[in-house]
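Containing mmCIF, C-alpha atoms: structure19.cif.
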data_work
#
loop_
_atom_site.group_PDB
_atom_site.id
_atom_site.type_symbol
_atom_site.label_atom_id
_atom_site.label_comp_id
_atom_site.auth_asym_id
_atom_site.auth_seq_id
_atom_site.Cartn_x
_atom_site.Cartn_y
_atom_site.Cartn_z
ATOM 1 C CA MET A 1 21.220 23.421 13.145
ATOM 2 C CA GLU A 2 19.930 21.954 9.868
ATOM 3 C CA GLU A 3 23.462 21.216 8.704
ATOM 4 C CA LEU A 4 24.188 19.486 12.002
ATOM 5 C CA GLU A 5 21.036 17.398 11.689
ATOM 6 C CA SER A 6 22.022 16.391 8.160
ATOM 7 C CA LYS A 7 25.377 15.197 9.477
ATOM 8 C CA ILE A 8 23.654 13.296 12.273
ATOM 9 C CA MET A 9 21.290 11.690 9.770
ATOM 10 C CA ILE A 10 24.207 10.535 7.601
ATOM 11 C CA GLU A 11 25.493 8.731 10.699
ATOM 12 C CA VAL A 12 22.013 7.352 11.449
ATOM 13 C CA ALA A 13 21.822 6.002 7.879
ATOM 14 C CA LYS A 14 25.012 4.048 8.618
ATOM 15 C CA GLY A 15 23.246 2.509 11.620
ATOM 16 C CA ASN A 16 24.937 4.663 14.270
ATOM 17 C CA LEU A 17 22.684 4.349 17.336
ATOM 18 C CA SER A 18 24.369 7.150 19.335
ATOM 19 C CA ALA A 19 23.525 9.545 16.518
ATOM 20 C CA PHE A 20 19.968 8.264 16.471
ATOM 21 C CA ARG A 21 19.722 8.699 20.238
ATOM 22 C CA GLU A 22 20.488 12.396 19.721
ATOM 23 C CA ILE A 23 17.662 12.682 17.210
ATOM 24 C CA VAL A 24 15.234 10.968 19.586
ATOM 25 C CA GLU A 25 16.207 13.239 22.460
ATOM 26 C CA ARG A 26 15.793 16.366 20.345
ATOM 27 C CA TYR A 27 12.430 15.484 18.869
ATOM 28 C CA GLN A 28 10.635 13.343 21.405
ATOM 29 C CA LYS A 29 8.821 16.283 23.009
ATOM 30 C CA PRO A 30 7.364 17.849 19.857
ATOM 31 C CA LEU A 31 6.521 14.430 18.453
ATOM 32 C CA MET A 32 4.820 13.320 21.674
ATOM 33 C CA ASN A 33 2.864 16.575 21.741
ATOM 34 C CA PHE A 34 1.665 15.942 18.226
ATOM 35 C CA VAL A 35 0.825 12.277 18.701
ATOM 36 C CA THR A 36 -0.841 12.678 22.096
ATOM 37 C CA LYS A 37 -3.113 15.402 20.824
ATOM 38 C CA PHE A 38 -3.792 13.584 17.594
ATOM 39 C CA THR A 39 -4.954 10.407 19.333
ATOM 40 C CA GLY A 40 -6.503 12.065 22.364
ATOM 41 C CA ASN A 41 -5.495 8.869 24.055
ATOM 42 C CA LYS A 42 -3.303 8.977 27.104
ATOM 43 C CA SER A 43 -2.143 5.354 27.093
ATOM 44 C CA MET A 44 -0.829 4.781 23.544
ATOM 45 C CA PRO A 45 1.024 7.896 22.334
ATOM 46 C CA GLU A 46 4.432 6.627 23.458
ATOM 47 C CA ASP A 47 3.984 3.460 21.398
ATOM 48 C CA ILE A 48 2.974 5.517 18.394
ATOM 49 C CA ALA A 49 5.869 7.965 18.796
ATOM 50 C CA GLN A 50 8.205 4.987 19.189
ATOM 51 C CA GLU A 51 6.912 3.498 15.926
ATOM 52 C CA VAL A 52 7.412 6.842 14.157
ATOM 53 C CA PHE A 53 11.031 7.000 15.351
ATOM 54 C CA LEU A 54 11.579 3.391 14.286
ATOM 55 C CA ARG A 55 10.267 4.210 10.809
ATOM 56 C CA ALA A 56 12.521 7.267 10.679
ATOM 57 C CA PHE A 57 15.514 5.075 11.557
ATOM 58 C CA LYS A 58 14.649 2.590 8.827
ATOM 59 C CA ALA A 59 14.090 5.371 6.288
ATOM 60 C CA ALA A 60 17.248 7.295 7.235
ATOM 61 C CA LYS A 61 18.935 6.209 3.988
ATOM 62 C CA ASP A 62 16.175 7.968 2.025
ATOM 63 C CA TYR A 63 16.597 11.285 3.865
ATOM 64 C CA ARG A 64 17.956 14.048 1.644
ATOM 65 C CA PRO A 65 19.548 17.049 3.374
ATOM 66 C CA ARG A 66 17.675 19.478 1.106
ATOM 67 C CA ALA A 67 14.552 18.755 3.165
ATOM 68 C CA LYS A 68 14.368 20.240 6.651
ATOM 69 C CA PHE A 69 14.752 17.330 9.066
ATOM 70 C CA LYS A 70 11.816 18.339 11.257
ATOM 71 C CA THR A 71 9.535 18.529 8.200
ATOM 72 C CA TRP A 72 10.729 15.094 7.087
ATOM 73 C CA LEU A 73 10.129 13.546 10.524
ATOM 74 C CA PHE A 74 6.658 15.052 10.833
ATOM 75 C CA THR A 75 5.775 13.869 7.331
ATOM 76 C CA ILE A 76 6.462 10.332 8.564
ATOM 77 C CA ALA A 77 4.400 11.004 11.699
ATOM 78 C CA THR A 78 1.519 12.507 9.720
ATOM 79 C CA ASN A 79 1.415 9.641 7.235
ATOM 80 C CA TYR A 80 1.529 7.148 10.063
ATOM 81 C CA CYS A 81 -1.309 8.891 11.893
ATOM 82 C CA LEU A 82 -3.416 9.192 8.733
ATOM 83 C CA ASN A 83 -2.839 5.709 7.343
ATOM 84 C CA GLU A 84 -2.358 3.490 10.344
ATOM 85 C CA ILE A 85 -3.982 4.893 13.424
ATOM 86 C CA ARG A 86 -7.363 5.818 12.062
ATOM 87 C CA ASP A 87 -8.213 2.192 11.326
ATOM 88 C CA SER A 88 -7.067 0.909 14.679
ATOM 89 C CA LYS A 89 -8.424 0.886 18.180
ATOM 90 C CA ASN A 90 -6.424 4.036 18.893
ATOM 91 C CA SER A 91 -8.835 6.205 16.982
ATOM 92 C CA PRO A 92 -10.051 8.961 19.256
ATOM 93 C CA GLN A 93 -13.354 8.330 20.880
ATOM 94 C CA TYR A 94 -16.076 10.777 20.057
ATOM 95 C CA ILE A 95 -16.526 13.515 22.528
ATOM 96 C CA ASP A 96 -19.403 13.340 24.905
ATOM 97 C CA LEU A 97 -21.356 16.545 24.421
ATOM 98 C CA PHE A 98 -23.134 16.087 27.718
ATOM 99 C CA GLU A 99 -19.732 16.109 29.393
ATOM 100 C CA LEU A 100 -19.003 19.402 27.672
ATOM 101 C CA ASN A 101 -22.199 20.960 28.951
ATOM 102 C CA GLU A 102 -21.430 19.827 32.463
ATOM 103 C CA ALA A 103 -17.953 21.381 32.507
ATOM 104 C CA GLY A 104 -17.183 24.733 34.080
ATOM 105 C CA PHE A 105 -15.801 27.259 31.625
ATOM 106 C CA LEU A 106 -14.790 30.176 33.805
ATOM 107 C CA ALA A 107 -11.140 29.308 33.973
ATOM 108 C CA ILE A 108 -10.358 31.048 30.735
ATOM 109 C CA ALA A 109 -10.584 34.512 32.259
ATOM 110 C CA PRO A 110 -6.946 35.400 32.973
ATOM 111 C CA ASP A 111 -7.307 37.091 36.361
ATOM 112 C CA THR A 112 -6.441 36.128 39.923
ATOM 113 C CA TYR A 113 -5.321 32.661 40.939
ATOM 114 C CA SER A 114 -7.590 30.369 42.952
ATOM 115 C CA PRO A 115 -7.576 26.572 43.413
ATOM 116 C CA GLU A 116 -11.121 26.383 42.019
ATOM 117 C CA LYS A 117 -10.081 28.217 38.908
ATOM 118 C CA GLU A 118 -7.012 26.028 38.519
ATOM 119 C CA PHE A 119 -9.255 22.990 38.746
ATOM 120 C CA GLU A 120 -11.632 24.445 36.169
ATOM 121 C CA LYS A 121 -8.689 25.301 33.967
ATOM 122 C CA LYS A 122 -7.452 21.721 34.105
ATOM 123 C CA GLU A 123 -10.908 20.430 33.351
ATOM 124 C CA LEU A 124 -11.218 22.816 30.436
ATOM 125 C CA GLY A 125 -7.798 21.711 29.195
ATOM 126 C CA ASP A 126 -8.968 18.088 29.245
ATOM 127 C CA ILE A 127 -12.084 19.019 27.300
ATOM 128 C CA LEU A 128 -10.024 20.971 24.779
ATOM 129 C CA ARG A 129 -7.742 17.936 24.330
ATOM 130 C CA LYS A 130 -10.787 15.816 23.575
ATOM 131 C CA ALA A 131 -12.194 18.466 21.249
ATOM 132 C CA ILE A 132 -8.895 18.568 19.326
ATOM 133 C CA ALA A 133 -8.741 14.775 19.140
ATOM 134 C CA ASN A 134 -12.293 14.815 17.808
ATOM 135 C CA LEU A 135 -11.580 17.191 14.912
ATOM 136 C CA PRO A 136 -11.659 15.846 11.351
ATOM 137 C CA GLU A 137 -8.228 14.303 10.712
ATOM 138 C CA LYS A 138 -6.821 16.822 8.250
ATOM 139 C CA GLN A 139 -7.991 19.827 10.257
ATOM 140 C CA LYS A 140 -6.467 18.265 13.353
ATOM 141 C CA ILE A 141 -3.103 17.606 11.722
ATOM 142 C CA ALA A 142 -2.906 21.100 10.257
ATOM 143 C CA VAL A 143 -3.768 22.820 13.531
ATOM 144 C CA LEU A 144 -1.438 20.629 15.601
ATOM 145 C CA LEU A 145 1.499 21.168 13.261
ATOM 146 C CA GLN A 146 0.904 24.918 13.300
ATOM 147 C CA LYS A 147 0.063 25.436 16.938
ATOM 148 C CA TYR A 148 2.285 22.980 18.745
ATOM 149 C CA ASN A 149 5.159 22.410 16.391
ATOM 150 C CA GLY A 150 5.687 25.854 14.952
ATOM 151 C CA PHE A 151 5.407 24.913 11.287
ATOM 152 C CA SER A 152 4.513 27.606 8.791
ATOM 153 C CA TYR A 153 1.543 27.124 6.463
ATOM 154 C CA GLU A 154 3.967 26.443 3.628
ATOM 155 C CA GLU A 155 5.823 23.750 5.582
ATOM 156 C CA ILE A 156 2.497 22.165 6.544
ATOM 157 C CA SER A 157 1.510 22.127 2.877
ATOM 158 C CA HIS A 158 4.687 20.116 2.134
ATOM 159 C CA ILE A 159 4.012 17.709 4.985
ATOM 160 C CA MET A 160 0.370 17.178 4.055
ATOM 161 C CA GLY A 161 0.871 17.300 0.305
ATOM 162 C CA CYS A 162 -1.648 20.069 -0.350
ATOM 163 C CA SER A 163 -1.679 23.783 -1.229
ATOM 164 C CA VAL A 164 -0.986 26.627 1.207
ATOM 165 C CA SER A 165 -4.535 27.936 0.740
ATOM 166 C CA ALA A 166 -5.890 24.470 1.629
ATOM 167 C CA VAL A 167 -3.841 24.579 4.834
ATOM 168 C CA GLU A 168 -5.182 28.053 5.627
ATOM 169 C CA SER A 169 -8.719 26.784 5.148
ATOM 170 C CA LEU A 170 -8.111 23.647 7.254
ATOM 171 C CA ILE A 171 -6.731 25.676 10.156
ATOM 172 C CA GLN A 172 -9.529 28.216 9.937
ATOM 173 C CA ARG A 173 -12.189 25.478 9.990
ATOM 174 C CA ALA A 174 -10.408 23.636 12.827
ATOM 175 C CA ARG A 175 -10.482 26.771 14.959
ATOM 176 C CA GLN A 176 -14.128 27.405 14.142
ATOM 177 C CA ASN A 177 -14.970 23.843 15.175
ATOM 178 C CA LEU A 178 -13.032 24.155 18.428
ATOM 179 C CA LYS A 179 -14.619 27.516 19.150
ATOM 180 C CA ARG A 180 -18.081 26.055 18.549
ATOM 181 C CA THR A 181 -17.320 23.159 20.891
ATOM 182 C CA LEU A 182 -16.077 25.475 23.613
ATOM 183 C CA SER A 183 -18.545 28.246 22.815
ATOM 184 C CA SER A 184 -19.842 28.672 26.323
ATOM 185 C CA CYS A 185 -16.484 29.967 27.543
ATOM 186 C CA LEU A 186 -15.299 31.894 24.530
ATOM 187 C CA MET B 1 -13.601 42.612 1.775
ATOM 188 C CA ASP B 2 -16.847 41.761 3.563
ATOM 189 C CA CYS B 3 -17.115 40.257 7.043
ATOM 190 C CA ASN B 4 -17.128 36.653 5.766
ATOM 191 C CA ASN B 5 -13.906 37.151 3.852
ATOM 192 C CA ILE B 6 -12.301 38.857 6.834
ATOM 193 C CA ARG B 7 -13.347 36.038 9.197
ATOM 194 C CA ASN B 8 -11.865 33.479 6.843
ATOM 195 C CA LYS B 9 -8.581 35.363 7.086
ATOM 196 C CA LEU B 10 -8.552 35.715 10.873
ATOM 197 C CA SER B 11 -6.669 32.495 11.621
ATOM 198 C CA ALA B 12 -3.966 33.367 9.113
ATOM 199 C CA TYR B 13 -3.917 36.884 10.609
ATOM 200 C CA LEU B 14 -3.358 35.514 14.126
ATOM 201 C CA ASP B 15 -0.706 33.118 12.840
ATOM 202 C CA ASP B 16 1.101 35.957 11.079
ATOM 203 C CA GLU B 17 0.669 34.247 7.716
ATOM 204 C CA LEU B 18 -0.938 37.124 5.805
ATOM 205 C CA SER B 19 0.806 39.307 3.282
ATOM 206 C CA PHE B 20 1.490 42.883 4.381
ATOM 207 C CA ARG B 21 -1.358 44.157 2.198
ATOM 208 C CA ASP B 22 -3.939 41.616 3.468
ATOM 209 C CA ARG B 23 -2.858 42.282 7.015
ATOM 210 C CA GLU B 24 -3.557 46.008 6.573
ATOM 211 C CA VAL B 25 -6.982 45.294 5.081
ATOM 212 C CA VAL B 26 -7.904 43.011 8.007
ATOM 213 C CA GLU B 27 -6.679 45.498 10.602
ATOM 214 C CA LYS B 28 -8.646 48.358 9.058
ATOM 215 C CA HIS B 29 -11.778 46.221 8.986
ATOM 216 C CA LEU B 30 -11.327 45.173 12.621
ATOM 217 C CA GLU B 31 -11.138 48.814 13.677
ATOM 218 C CA LEU B 32 -14.523 49.489 12.102
ATOM 219 C CA CYS B 33 -16.412 46.221 12.707
ATOM 220 C CA PRO B 34 -17.131 45.278 16.357
ATOM 221 C CA ALA B 35 -18.566 41.852 15.374
ATOM 222 C CA CYS B 36 -15.370 40.804 13.578
ATOM 223 C CA ALA B 37 -13.273 42.290 16.407
ATOM 224 C CA ARG B 38 -15.217 40.058 18.843
ATOM 225 C CA GLU B 39 -14.573 37.055 16.590
ATOM 226 C CA LYS B 40 -10.869 37.871 16.580
ATOM 227 C CA LYS B 41 -10.890 38.131 20.375
ATOM 228 C CA SER B 42 -12.560 34.744 20.782
ATOM 229 C CA LEU B 43 -10.049 33.126 18.412
ATOM 230 C CA PHE B 44 -7.260 34.742 20.388
ATOM 231 C CA LEU B 45 -8.726 33.316 23.634
ATOM 232 C CA LEU B 46 -8.935 29.892 22.046
ATOM 233 C CA SER B 47 -5.312 30.205 21.030
ATOM 234 C CA SER B 48 -4.326 31.127 24.623
ATOM 235 C CA LEU B 49 -6.243 28.149 25.938
ATOM 236 C CA MET B 50 -4.483 25.914 23.441
ATOM 237 C CA ASP B 51 -1.148 27.251 24.704
ATOM 238 C CA GLU B 52 -2.104 26.072 28.212
ATOM 239 C CA ILE B 53 -2.129 22.436 27.087
ATOM 240 C CA ALA B 54 1.064 22.651 25.066
ATOM 241 C CA ALA B 55 3.239 20.274 27.069
ATOM 242 C CA GLU B 56 2.561 16.553 27.354
ATOM 243 C CA ASP B 57 4.137 14.182 29.872
ATOM 244 C CA ILE B 58 6.806 11.898 28.570
ATOM 245 C CA SER B 59 8.362 8.878 30.228
ATOM 246 C CA PRO B 60 12.019 9.346 31.306
ATOM 247 C CA PHE B 61 12.736 5.958 29.707
ATOM 248 C CA PHE B 62 11.292 6.871 26.335
ATOM 249 C CA THR B 63 14.666 7.233 24.567
ATOM 250 C CA GLU B 64 15.847 3.859 25.874
ATOM 251 C CA LYS B 65 12.574 2.295 24.761
ATOM 252 C CA VAL B 66 13.051 3.625 21.217
ATOM 253 C CA ILE B 67 16.702 2.552 21.010
ATOM 254 C CA SER B 68 15.827 -0.905 22.292
ATOM 255 C CA SER B 69 13.029 -1.247 19.718
ATOM 256 C CA VAL B 70 15.475 -0.256 16.953
ATOM 257 C CA LYS B 71 17.968 -2.890 18.170
ATOM 258 C CA THR B 72 15.272 -5.591 18.287
ATOM 259 C CA ASP B 73 14.068 -4.635 14.827
ATOM 260 C CA SER B 74 17.615 -4.663 13.397
ATOM 261 C CA ARG B 75 18.224 -8.114 14.874
ATOM 262 C CA GLN B 76 14.996 -9.436 13.365
ATOM 263 C CA THR B 77 15.793 -7.829 10.022
ATOM 264 C CA SER B 78 19.267 -9.399 9.928
ATOM 265 C CA LYS B 79 17.741 -12.809 10.821
ATOM 266 C CA HIS B 80 15.315 -12.391 7.941
ATOM 267 C CA HIS B 81 18.203 -11.435 5.644
ATOM 268 C CA SER B 82 20.219 -14.530 6.678
ATOM 269 C CA LEU B 83 17.213 -16.784 6.154
ATOM 270 C CA ARG B 84 16.513 -15.197 2.787
ATOM 271 C CA SER B 85 20.169 -15.595 1.712
ATOM 272 C CA ALA B 86 20.197 -19.243 2.828
ATOM 273 C CA LEU B 87 17.000 -19.930 0.884
ATOM 274 C CA ALA B 88 18.441 -18.180 -2.181
ATOM 275 C CA CYS B 89 21.628 -20.312 -1.995
ATOM 276 C CA LEU B 90 19.545 -23.455 -1.589
ATOM 277 C CA GLY B 91 17.465 -22.466 -4.605
ATOM 278 C CA ILE B 92 20.590 -21.922 -6.703
ATOM 279 C CA ILE B 93 21.997 -25.321 -5.672
ATOM 280 C CA VAL B 94 18.700 -27.066 -6.532
ATOM 281 C CA LEU B 95 18.602 -25.316 -9.911
ATOM 282 C CA MET B 96 22.226 -26.278 -10.625
ATOM 283 C CA LEU B 97 21.582 -29.907 -9.715
ATOM 284 C CA ALA B 98 18.431 -29.993 -11.828
ATOM 285 C CA GLY B 99 20.313 -28.366 -14.727
ATOM 286 C CA ALA B 100 23.184 -30.836 -14.405
ATOM 287 C CA GLY B 101 20.697 -33.717 -14.380
ATOM 288 C CA ILE B 102 18.942 -32.559 -17.520
ATOM 289 C CA PHE B 103 22.230 -31.792 -19.273
ATOM 290 C CA GLY B 104 23.797 -35.153 -18.320
ATOM 291 C CA SER B 105 20.806 -37.243 -19.267
ATOM 292 C CA HIS B 106 20.576 -35.409 -22.600
ATOM 293 C CA TYR B 107 24.206 -36.189 -23.527
ATOM 294 C CA LEU B 108 24.164 -39.789 -22.222
ATOM 295 C CA ASN B 109 21.023 -40.538 -24.207
ATOM 296 C CA ARG B 110 22.543 -38.901 -27.274
ATOM 297 C CA ASP B 111 25.356 -41.508 -27.401
ATOM 298 C CA GLU B 112 22.808 -44.317 -27.349
ATOM 299 C CA ARG B 113 20.587 -42.575 -29.885
ATOM 300 C CA ASP B 114 23.574 -41.995 -32.174
ATOM 301 C CA GLU B 115 24.519 -45.659 -31.982
ATOM 302 C CA TYR B 116 21.020 -46.754 -32.936
ATOM 303 C CA ALA B 117 20.993 -44.258 -35.762
ATOM 304 C CA TYR B 118 24.206 -45.668 -37.149
ATOM 305 C CA LEU B 119 22.882 -49.165 -36.796
ATOM 306 C CA SER B 120 19.606 -48.429 -38.499
ATOM 307 C CA ASN B 121 21.399 -46.586 -41.301
ATOM 308 C CA PHE B 122 24.044 -49.205 -41.887
ATOM 309 C CA ASP B 123 21.701 -52.188 -41.469
ATOM 310 C CA ASP B 124 20.336 -51.369 -44.886
ATOM 311 C CA PHE B 125 23.656 -52.199 -46.466
ATOM 312 C CA PRO B 126 24.177 -55.705 -47.656
ATOM 313 C CA PRO B 127 26.590 -58.040 -45.885
ATOM 314 C CA ASP B 128 30.285 -57.563 -46.628
ATOM 315 C CA SER B 129 29.567 -53.900 -47.198
ATOM 316 C CA PHE B 130 31.027 -50.916 -45.380
ATOM 317 C CA SER B 131 28.591 -51.221 -42.403
ATOM 318 C CA TYR B 132 29.737 -54.730 -41.684
ATOM 319 C CA ILE B 133 33.168 -53.329 -40.925
ATOM 320 C CA LEU B 134 31.883 -50.397 -38.857
ATOM 321 C CA ILE B 135 29.270 -52.019 -36.614
ATOM 322 C CA PRO B 136 31.622 -54.182 -34.548
ATOM 323 C CA SER B 137 33.815 -51.199 -33.882
ATOM 324 C CA LEU B 138 30.793 -49.148 -32.776
ATOM 325 C CA ARG B 139 29.660 -51.950 -30.472
ATOM 326 C CA GLY B 140 33.103 -52.100 -29.036
ATOM 327 C CA LYS B 141 32.949 -48.348 -28.348
ATOM 328 C CA SER B 142 29.650 -48.546 -26.521
ATOM 329 C CA ARG B 143 30.970 -51.194 -24.191
#
In structure tokens, write the structure found in this file.
Amino acid sequence: MEELESKIMIEVAKGNLSAFREIVERYQKPLMNFVTKFTGNKSMPEDIAQEVFLRAFKAAKDYRPRAKFKTWLFTIATNYCLNEIRDSKNSPQYIDLFELNEAGFLAIAPDTYSPEKEFEKKELGDILRKAIANLPEKQKIAVLLQKYNGFSYEEISHIMGCSVSAVESLIQRARQNLKRTLSSCL
Amino acid sequence: MDCNNIRNKLSAYLDDELSFRDREVVEKHLELCPACAREKKSLFLLSSLMDEIAAEDISPFFTEKVISSVKTDSRQTSKHHSLRSALACLGIIVLMLAGAGIFGSHYLNRDERDEYAYLSNFDDFPPDSFSYILIPSLRGKSR
């Protein structure tokens, strides 16, 4: 898999668009998951993911096969999110705590199906999305990379440029913050 | 380890990131401490809830959008390159012309300067001397 991706990236570096199309098709889902949850914004994530892919295409000549491609791509995405998005209008809006108090939290109990519970579940999912988007940036990136993209703590430390123990602490604090936000159902 | 230390390790425990030894220590503590066991359960529930929102919608045209943006960007980049190359060539031509101008004017002026130098040097000689013979020939050369 990694060897194949290295070969594809050599082609991408030469400007081969069919090879790049393959990369986009492979990684659009995980990247969109990351970006959507990072911004907490439903309307812009595709533009952001598109920009990340464009940057990856431009930087293809700098890619070295010794780095895992997915780690390399998410390093670009993380840097973009940290350096570019936080200063723009796409920054997540702060969560409305009143909205949290108004929400129903029963959906978490994994028992029988009912439309009401499905509705509550969806509502809770929306609130969780907002709570994630509202986390401090580094906590958010660490937890998203771990939870939704399957990176190990060590890989996250490479992406974020920090130690493994710092990643462990970021993820722990992120979960504590999310738990506090959703405390009435957990 | 006390409860605080164990709780700080719970995320890594759930993510399977602990060493075998730390994992054993956490598990033994959880068996004996109901408060930490509850904390672990709530983190596990949070994790399950996070799994529920794993997938995000993506436009079926996303790939085409990306490829088209790459094409547009490449076109713009090559335009910039052409413009930059043209400006560089123009700069070189201007520099060459300026250099040729300075060089030419320097050498043309030198002939005149040399002539005057000869004249001023030889004017000091009395008539019928060596300069009298040379000056007409120099004048003839300058014409």
Next on the checklist: Applying the PyMOL selection byres ((chain B) within 6 of (chain A)) to the file I just gave you, which residues come out? Please list them as a ChimeraX atom specification.
Outcome noted: /B:11,42,56,66,70
Checklist entry - the PyMOL selection byres ((chain B and resi 2) around 12) on the file shown: which residues, as a PyMOL selection string? => result chain B and resi 1+3-9+25-26+28-30+32-33+35-36
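Atom CA of A:Leu145 lies 11.6 Å from atom CA of A:His158.
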Next on the checklist: Using all atoms listed in the file, can you tell me which of A:Val143, A:Asn79, A:Tyr27, A:Leu135 comes closest to B:Ala12?
Outcome noted: A:Val143
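Coordinates place atom CA of B:Arg38 at a distance of 26.7 Å from atom CA of A:Phe151.
We find atom CA of A:Ile156 and atom CA of B:Tyr13 to be spaced 16.6 Å apart.
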